[in-house]
file entry-v9.csv (CSV, C-alpha atoms)
chain,number,residue,atom,x,y,z
A,152,MET,CA,-6.4,9.0,-0.6
A,153,VAL,CA,-7.0,11.8,2.0
A,154,PHE,CA,-8.2,9.3,4.6
A,155,LEU,CA,-5.2,7.1,4.0
A,156,ILE,CA,-2.8,10.0,4.5
A,157,LEU,CA,-4.6,11.0,7.7
A,158,ALA,CA,-4.4,7.3,8.9
A,159,ILE,CA,-0.7,7.3,8.2
A,160,VAL,CA,-0.1,10.6,10.1
A,161,SER,CA,-2.2,9.4,13.1
A,162,SER,CA,-0.4,6.0,13.2
A,163,SER,CA,3.0,7.8,13.1
A,164,LEU,CA,2.0,10.0,16.0
A,165,ILE,CA,1.2,6.9,18.1
A,166,SER,CA,4.8,5.6,17.6
A,167,VAL,CA,6.4,8.9,18.3
A,168,LEU,CA,4.4,9.5,21.5
A,169,MET,CA,5.1,5.9,22.6
A,170,ARG,CA,8.8,6.7,22.0
A,171,PHE,CA,8.5,9.8,24.2
A,172,SER,CA,6.8,7.8,27.0
A,173,SER,CA,9.2,4.8,26.9
A,174,ASN,CA,11.4,6.0,29.8
A,175,LYS,CA,8.8,8.0,31.7
A,176,ILE,CA,6.3,5.5,32.8
A,177,SER,CA,6.4,2.5,35.2
A,178,SER,CA,3.3,0.6,34.0
A,179,GLU,CA,2.9,0.1,30.3
A,180,LEU,CA,-0.4,-1.8,30.8
A,181,SER,CA,-1.9,1.1,32.8
A,182,MET,CA,-0.9,3.5,30.1
A,183,LEU,CA,-2.5,1.3,27.4
A,184,SER,CA,-5.7,1.1,29.5
A,185,ALA,CA,-5.9,4.9,29.7
A,186,ASN,CA,-5.3,5.0,25.9
A,187,TYR,CA,-8.0,2.5,25.2
A,188,ILE,CA,-10.7,4.2,27.3
A,189,VAL,CA,-9.9,7.5,25.6
A,190,CYS,CA,-10.4,5.8,22.2
A,191,ALA,CA,-13.7,4.3,23.4
A,192,PHE,CA,-14.9,7.7,24.6
A,193,LEU,CA,-14.0,9.3,21.3
A,194,GLY,CA,-16.0,6.5,19.6
A,195,VAL,CA,-19.0,7.4,21.8
A,196,ILE,CA,-18.8,11.0,20.7
A,197,PHE,CA,-18.6,10.1,17.0
A,198,ALA,CA,-21.5,7.7,17.5
A,199,ASP,CA,-23.6,10.6,18.9
A,200,PHE,CA,-23.8,8.7,22.2
A,201,ASP,CA,-25.8,5.9,20.5
A,202,VAL,CA,-23.6,3.1,21.9
A,203,PHE,CA,-26.1,0.2,21.5
A,204,PRO,CA,-28.2,0.7,18.4
A,205,TYR,CA,-30.1,-2.6,18.9
A,206,LYS,CA,-32.5,-2.0,16.0
A,207,ALA,CA,-29.8,-1.7,13.4
A,208,ASN,CA,-29.5,-4.6,11.0
A,209,SER,CA,-25.7,-5.1,11.5
A,210,PHE,CA,-25.6,-4.4,15.3
A,211,SER,CA,-24.9,-8.0,16.3
A,212,VAL,CA,-22.2,-8.3,13.6
A,213,THR,CA,-20.6,-5.0,14.7
A,214,LEU,CA,-20.6,-6.0,18.4
A,215,PHE,CA,-19.1,-9.4,17.7
A,216,LEU,CA,-16.3,-8.1,15.3
A,217,GLY,CA,-15.5,-5.3,17.8
A,218,ILE,CA,-15.0,-7.7,20.6
A,219,ILE,CA,-12.8,-10.0,18.5
A,220,THR,CA,-10.8,-7.1,17.2
A,221,GLY,CA,-10.2,-5.7,20.8
A,222,ALA,CA,-9.0,-9.1,22.0
A,223,LEU,CA,-6.7,-9.4,19.0
A,224,TYR,CA,-5.2,-6.0,19.8
A,225,LEU,CA,-4.2,-7.0,23.3
A,226,ILE,CA,-3.1,-10.5,22.2
A,227,SER,CA,-0.8,-8.9,19.6
A,228,PHE,CA,0.7,-6.6,22.2
A,229,ILE,CA,1.4,-9.3,24.7
A,230,LEU,CA,2.9,-11.6,22.1
A,231,LEU,CA,5.1,-8.7,20.9
A,232,GLN,CA,6.4,-8.3,24.5
A,233,LYS,CA,7.1,-12.0,25.0
A,234,ASN,CA,8.8,-12.4,21.6
A,235,THR,CA,10.9,-9.3,22.2
A,236,VAL,CA,12.3,-11.0,25.4
A,237,LYS,CA,12.8,-14.4,23.7
A,238,ASN,CA,13.8,-13.5,20.1
A,239,GLY,CA,15.0,-9.9,20.3
A,240,MET,CA,13.5,-6.6,19.3
A,241,VAL,CA,14.5,-6.8,15.6
A,242,LEU,CA,13.0,-10.2,14.7
A,243,SER,CA,9.8,-9.4,16.7
A,244,SER,CA,9.4,-6.0,15.0
A,245,VAL,CA,9.9,-7.5,11.6
A,246,PHE,CA,7.4,-10.3,12.1
A,247,ILE,CA,4.6,-8.1,13.5
A,248,LYS,CA,5.1,-5.7,10.5
A,249,LEU,CA,5.1,-8.7,8.1
A,250,GLY,CA,1.6,-9.3,9.5
A,251,LEU,CA,0.3,-7.2,6.7
A,252,LEU,CA,0.6,-10.4,4.6
A,253,VAL,CA,-2.6,-11.6,6.3
A,254,PRO,CA,-4.9,-8.7,5.2
A,255,MET,CA,-3.2,-8.7,1.8
A,256,VAL,CA,-4.0,-12.4,1.3
A,257,LEU,CA,-7.5,-11.9,2.6
A,258,SER,CA,-8.1,-9.0,0.2
A,259,VAL,CA,-7.0,-11.1,-2.8
A,260,PHE,CA,-9.3,-13.9,-1.6
A,261,LEU,CA,-12.1,-11.4,-1.5
A,262,GLY,CA,-11.4,-10.5,-5.2
A,263,GLU,CA,-9.1,-7.4,-5.0
A,264,MET,CA,-6.4,-8.4,-7.4
A,265,PRO,CA,-3.4,-6.1,-7.4
A,266,LEU,CA,-1.7,-4.9,-10.6
A,267,PRO,CA,1.7,-6.3,-11.6
A,268,LEU,CA,3.4,-3.0,-10.5
A,269,GLN,CA,1.6,-3.1,-7.2
A,270,ILE,CA,2.8,-6.6,-6.6
A,271,ALA,CA,6.3,-5.5,-7.3
A,272,GLY,CA,5.7,-2.6,-4.8
A,273,PHE,CA,4.5,-5.0,-2.2
A,274,ILE,CA,7.5,-7.3,-2.6
A,275,ILE,CA,9.8,-4.2,-2.3
A,276,ALA,CA,7.9,-3.1,0.8
A,277,ILE,CA,8.4,-6.4,2.5
A,278,GLY,CA,12.2,-6.3,1.8
A,279,ALA,CA,12.3,-2.7,3.1
A,280,ILE,CA,10.5,-3.7,6.3
A,281,ILE,CA,13.2,-6.3,6.9
A,282,LEU,CA,16.1,-4.0,6.1
A,283,ILE,CA,14.9,-1.1,8.1
A,284,ASN,CA,14.9,-3.2,11.2
A,285,LEU,CA,18.5,-4.4,10.9
A,286,LYS,CA,21.1,-2.7,13.1
A,287,ASN,CA,24.8,-3.2,13.1
A,288,ASP,CA,24.8,-4.6,16.7
A,289,GLU,CA,21.8,-6.8,16.2
A,290,ARG,CA,22.7,-9.0,13.2
A,291,LYS,CA,23.4,-12.1,15.2
A,292,LYS,CA,21.3,-15.0,13.9
A,293,ARG,CA,18.7,-16.1,16.4
A,294,SER,CA,16.6,-19.3,16.2
A,295,PHE,CA,12.9,-18.6,15.9
A,296,GLY,CA,9.9,-20.8,15.7
A,297,LEU,CA,6.2,-21.0,16.5
A,298,GLY,CA,6.2,-17.9,18.7
A,299,LEU,CA,7.1,-15.5,15.9
A,300,ILE,CA,4.8,-17.2,13.5
A,301,VAL,CA,1.9,-16.8,16.0
A,302,LEU,CA,2.9,-13.1,16.4
A,303,LEU,CA,2.8,-12.5,12.7
A,304,LEU,CA,-0.6,-14.2,12.4
A,305,ALA,CA,-2.1,-12.4,15.5
A,306,GLY,CA,-0.8,-9.0,14.4
A,307,GLY,CA,-2.0,-9.7,10.8
A,308,CYS,CA,-5.4,-10.8,11.9
A,309,ALA,CA,-5.8,-7.7,14.1
A,310,ASP,CA,-5.0,-5.5,11.1
A,311,ALA,CA,-7.2,-7.6,8.8
A,312,MET,CA,-10.3,-7.1,11.0
A,313,SER,CA,-10.7,-3.6,9.5
A,314,LYS,CA,-11.1,-5.3,6.1
A,315,VAL,CA,-13.5,-7.9,7.5
A,316,TYR,CA,-15.6,-5.2,9.0
A,317,GLU,CA,-15.6,-3.2,5.8
A,318,TYR,CA,-16.7,-6.3,3.9
A,319,ILE,CA,-19.5,-7.6,6.2
A,320,GLY,CA,-20.2,-4.8,8.6
A,321,SER,CA,-22.0,-1.5,8.2
A,322,ILE,CA,-20.2,1.8,7.5
A,323,ALA,CA,-23.0,3.5,9.4
A,324,LEU,CA,-22.0,1.7,12.6
A,325,SER,CA,-18.2,2.1,12.2
A,326,SER,CA,-18.0,4.3,15.3
A,327,GLN,CA,-19.8,1.7,17.3
A,328,TYR,CA,-17.4,-0.9,16.0
A,329,LEU,CA,-14.5,1.2,17.3
A,330,ILE,CA,-16.3,1.6,20.7
A,331,TYR,CA,-16.6,-2.2,21.1
A,332,THR,CA,-13.0,-2.7,19.9
A,333,PHE,CA,-11.4,-0.3,22.2
A,334,PHE,CA,-13.6,-1.0,25.2
A,335,THR,CA,-12.9,-4.7,25.0
A,336,ALA,CA,-9.2,-3.9,24.8
A,337,PHE,CA,-9.6,-1.6,27.8
A,338,LEU,CA,-11.3,-4.3,29.9
A,339,ILE,CA,-8.7,-7.0,29.1
A,340,CYS,CA,-5.8,-4.6,29.6
A,341,THR,CA,-7.2,-3.3,33.0
A,342,PHE,CA,-7.8,-6.9,34.2
A,343,LEU,CA,-4.1,-7.8,33.3
A,344,ALA,CA,-2.9,-4.7,35.0
A,345,MET,CA,-4.9,-5.6,38.2
A,346,LEU,CA,-3.4,-9.1,38.1
A,347,LYS,CA,0.1,-7.6,38.0
A,348,LYS,CA,-1.0,-5.1,40.7
A,349,GLU,CA,0.0,-2.2,38.4
A,350,CYS,CA,-1.7,1.1,39.3
A,351,PRO,CA,-1.9,4.0,36.8
A,352,GLY,CA,-0.1,7.1,37.9
A,353,LYS,CA,-0.3,10.6,36.5
A,354,ARG,CA,2.3,9.9,33.8
A,355,GLU,CA,0.5,6.8,32.6
A,356,MET,CA,-2.8,8.7,32.4
A,357,PHE,CA,-1.1,11.7,30.7
A,358,TYR,CA,0.6,9.7,28.0
A,359,GLY,CA,-2.4,7.3,27.6
A,360,PHE,CA,-4.6,10.3,27.0
A,361,PHE,CA,-2.5,11.8,24.2
A,362,ILE,CA,-1.7,8.4,22.6
A,363,GLY,CA,-5.4,7.5,22.6
A,364,ILE,CA,-6.4,10.4,20.4
A,365,PRO,CA,-4.2,9.5,17.3
A,366,ASN,CA,-4.9,5.8,18.1
A,367,PHE,CA,-8.6,6.3,17.6
A,368,PHE,CA,-8.3,8.4,14.5
A,369,SER,CA,-5.8,6.0,13.0
A,370,SER,CA,-8.4,3.2,13.1
A,371,LYS,CA,-11.2,5.5,12.0
A,372,PHE,CA,-9.3,6.9,9.0
A,373,LEU,CA,-8.1,3.4,8.1
A,374,LEU,CA,-11.7,2.2,7.9
A,375,ALA,CA,-12.6,5.1,5.8
A,376,ALA,CA,-9.6,4.5,3.5
A,377,LEU,CA,-10.7,0.9,3.0
A,378,ASN,CA,-14.1,2.1,1.8
A,379,GLU,CA,-12.6,4.2,-1.0
A,380,LEU,CA,-9.4,2.3,-1.9
A,381,PRO,CA,-8.5,-1.3,-2.5
A,382,ALA,CA,-7.0,-3.1,0.5
A,383,VAL,CA,-4.1,-4.3,-1.6
A,384,VAL,CA,-3.0,-0.6,-1.8
A,385,VAL,CA,-4.1,0.6,1.6
A,386,TYR,CA,-2.4,-1.9,3.9
A,387,PRO,CA,1.2,-1.9,2.5
A,388,THR,CA,1.0,1.9,1.9
A,389,PHE,CA,-0.2,2.4,5.4
A,390,SER,CA,2.6,0.2,6.9
A,391,VAL,CA,5.6,1.4,4.9
A,392,ALA,CA,4.6,5.1,4.9
A,393,THR,CA,4.3,4.9,8.7
A,394,ILE,CA,7.7,3.3,9.0
A,395,LEU,CA,9.1,6.0,6.8
A,396,ILE,CA,7.7,8.9,8.9
A,397,VAL,CA,8.6,7.3,12.2
A,398,THR,CA,12.2,6.5,11.1
A,399,LEU,CA,12.8,10.0,9.8
A,400,THR,CA,11.3,11.5,13.0
A,401,GLY,CA,13.6,9.2,15.0
A,402,THR,CA,16.7,10.5,13.1
A,403,VAL,CA,15.7,14.2,13.4
A,404,VAL,CA,14.0,14.4,16.8
A,405,PHE,CA,15.6,11.6,18.8
A,406,ARG,CA,19.0,11.7,17.0
A,407,GLU,CA,18.8,8.0,16.1
A,408,LYS,CA,21.4,7.0,13.6
A,409,LEU,CA,20.8,4.7,10.6
A,410,ASN,CA,23.3,2.5,8.9
A,411,LYS,CA,23.8,2.4,5.1
A,412,LEU,CA,21.5,-0.6,4.8
A,413,GLN,CA,18.7,1.2,6.5
A,414,TRP,CA,19.1,4.3,4.3
A,415,PHE,CA,18.9,2.0,1.3
A,416,ALA,CA,15.7,0.6,2.9
A,417,MET,CA,14.3,4.1,3.1
A,418,LEU,CA,14.9,4.5,-0.7
A,419,LEU,CA,13.1,1.2,-1.3
A,420,ILE,CA,10.2,2.4,0.7
A,421,LEU,CA,9.8,5.5,-1.5
A,422,CYS,CA,9.9,3.3,-4.6
A,423,ALA,CA,7.4,0.9,-3.1
A,424,LEU,CA,5.0,3.8,-2.3
A,425,VAL,CA,5.2,5.0,-5.9
A,426,LEU,CA,4.5,1.5,-7.3
A,427,LEU,CA,1.7,0.7,-4.8
A,428,ASN,CA,-0.2,3.8,-5.8
A,429,ILE,CA,-0.1,3.2,-9.5
A,430,SER,CA,-3.6,2.5,-10.7

call {"tool": "encode", "arguments": {"input": "entry-v9.csv", "output": "structure tokens"}}
result
Amino acid sequence: MVFLILAIVSSSLISVLMRFSSNKISSELSMLSANYIVCAFLGVIFADFDVFPYKANSFSVTLFLGIITGALYLISFILLQKNTVKNGMVLSSVFIKLGLLVPMVLSVFLGEMPLPLQIAGFIIAIGAIILINLKNDERKKRSFGLGLIVLLLAGGCADAMSKVYEYIGSIALSSQYLIYTFFTAFLICTFLAMLKKECPGKREMFYGFFIGIPNFFSSKFLLAALNELPAVVVYPTFSVATILIVTLTGTVVFREKLNKLQWFAMLLILCALVLLNIS
């Protein structure tokens, strides 16, 4: 449970720092590149600088899954940007958060059956995710189609890769897995930034550095949590607890106001957390 709590805190820090940087940078891709290279470097440190352990039995699997995960990270981010423009921030945010359905289904398929109360907690969590993203001025119905479904699947698959690695990878090479993941994301992100002719400035490097630290530890602690707790508990708890912390931080630090429906969603999140962690 300690690793899950640390993963939640780290994930929350990412969102808070991203919120701080939102109006202070000119190139989001450049900031992400800086973030990913910091993550990769931290992975190198935790791997004791053994970046390519060729002789390890699971090396090829670790390298392959790391590359796939890194690509999915960037694809999810790009799809989120495009859907935000086309379908609005609310629908896009809801659908990428609902991506937790993918690792949940995968976990059940792998034999991790949740208890009835945990299923109830999961359903409540899904409802809370939808409610917490509703705002008074953004309740207009929008048409949505394939783009949002692809966003849900891409985001869900990116999240599910941690479970895939936990299932077929080697815990001894988890740091190498993170190196390949973040370095792949760095290469793709840098290439896209170059295509757009976006150059990193001091602010992009500054915020990228500080976002990269919790970003790395969020992934590392999530992997560790999956090794000690069922994924049917880890994923929904990780998602809704992060939302809870980020939302409360937004109201206290950034003076963001919640409507009554969103406060009700916060109460639902607390109930969901209790039910999800009943064993």

call {"tool": "residues_around", "arguments": {"input": "entry-v9.csv", "residues": "Pro265 (chain A)", "least_positions_apart": "4", "cutoff": "12 Å", "atoms": "only C-alpha atoms", "output": "MDAnalysis selection string"}}
result
chainID A and resid 255:256 258:261 269:274 380:385 387 426:430

call {"tool": "residues_around", "arguments": {"input": "entry-v9.csv", "residues": "region 218-220 of chain A", "least_positions_apart": "5", "cutoff": "7 Å", "atoms": "all atoms listed in the file", "output": "PyMOL selection string"}}
result
chain A and resi 309+312+331-332+335

call {"tool": "closest_residue", "arguments": {"input": "entry-v9.csv", "among": "A:Val425, A:Ile196, A:Ala279, A:Leu180", "to": "Leu225 (chain A)", "atoms": "only C-alpha atoms"}}
result
A:Leu180

call {"tool": "residues_around", "arguments": {"input": "entry-v9.csv", "residues": "Gly278 (chain A)", "least_positions_apart": "6", "cutoff": "10 Å", "atoms": "all atoms listed in the file", "output": "PyMOL selection string"}}
result
chain A and resi 249+272+416+419-420+423

call {"tool": "atom_distance", "arguments": {"input": "entry-v9.csv", "atom1": "CA of Thr402 (chain A)", "atom2": "CA of Phe246 (chain A)"}}
result
22.8 Å

call {"tool": "residues_around", "arguments": {"input": "entry-v9.csv", "residues": "Ser326 (chain A)", "least_positions_apart": "5", "cutoff": "8 Å", "atoms": "all atoms listed in the file", "output": "ChimeraX atom specification"}}
result
/A:194-195,197-198,371

call {"tool": "closest_residue", "arguments": {"input": "entry-v9.csv", "among": "A:Met417, A:Val404, A:Ile229, A:Leu374", "to": "Glu179 (chain A)", "atoms": "all atoms listed in the file"}}
result
A:Ile229

call {"tool": "atom_distance", "arguments": {"input": "entry-v9.csv", "atom1": "CA of Phe405 (chain A)", "atom2": "CA of Arg170 (chain A)"}}
result
9.0 Å

call {"tool": "atom_distance", "arguments": {"input": "entry-v9.csv", "atom1": "CA of Ile280 (chain A)", "atom2": "CA of Leu304 (chain A)"}}
result
16.5 Å

call {"tool": "closest_residue", "arguments": {"input": "entry-v9.csv", "among": "A:Cys422, A:Ala222, A:Leu168, A:Met264", "to": "Thr388 (chain A)", "atoms": "all atoms listed in the file"}}
result
A:Cys422

call {"tool": "residues_around", "arguments": {"input": "entry-v9.csv", "residues": "Ile159 (chain A)", "least_positions_apart": "5", "cutoff": "8 Å", "atoms": "only C-alpha atoms", "output": "list in words"}}
result
Ser369, Phe389, Ser390, Ala392 and Thr393 of chain A
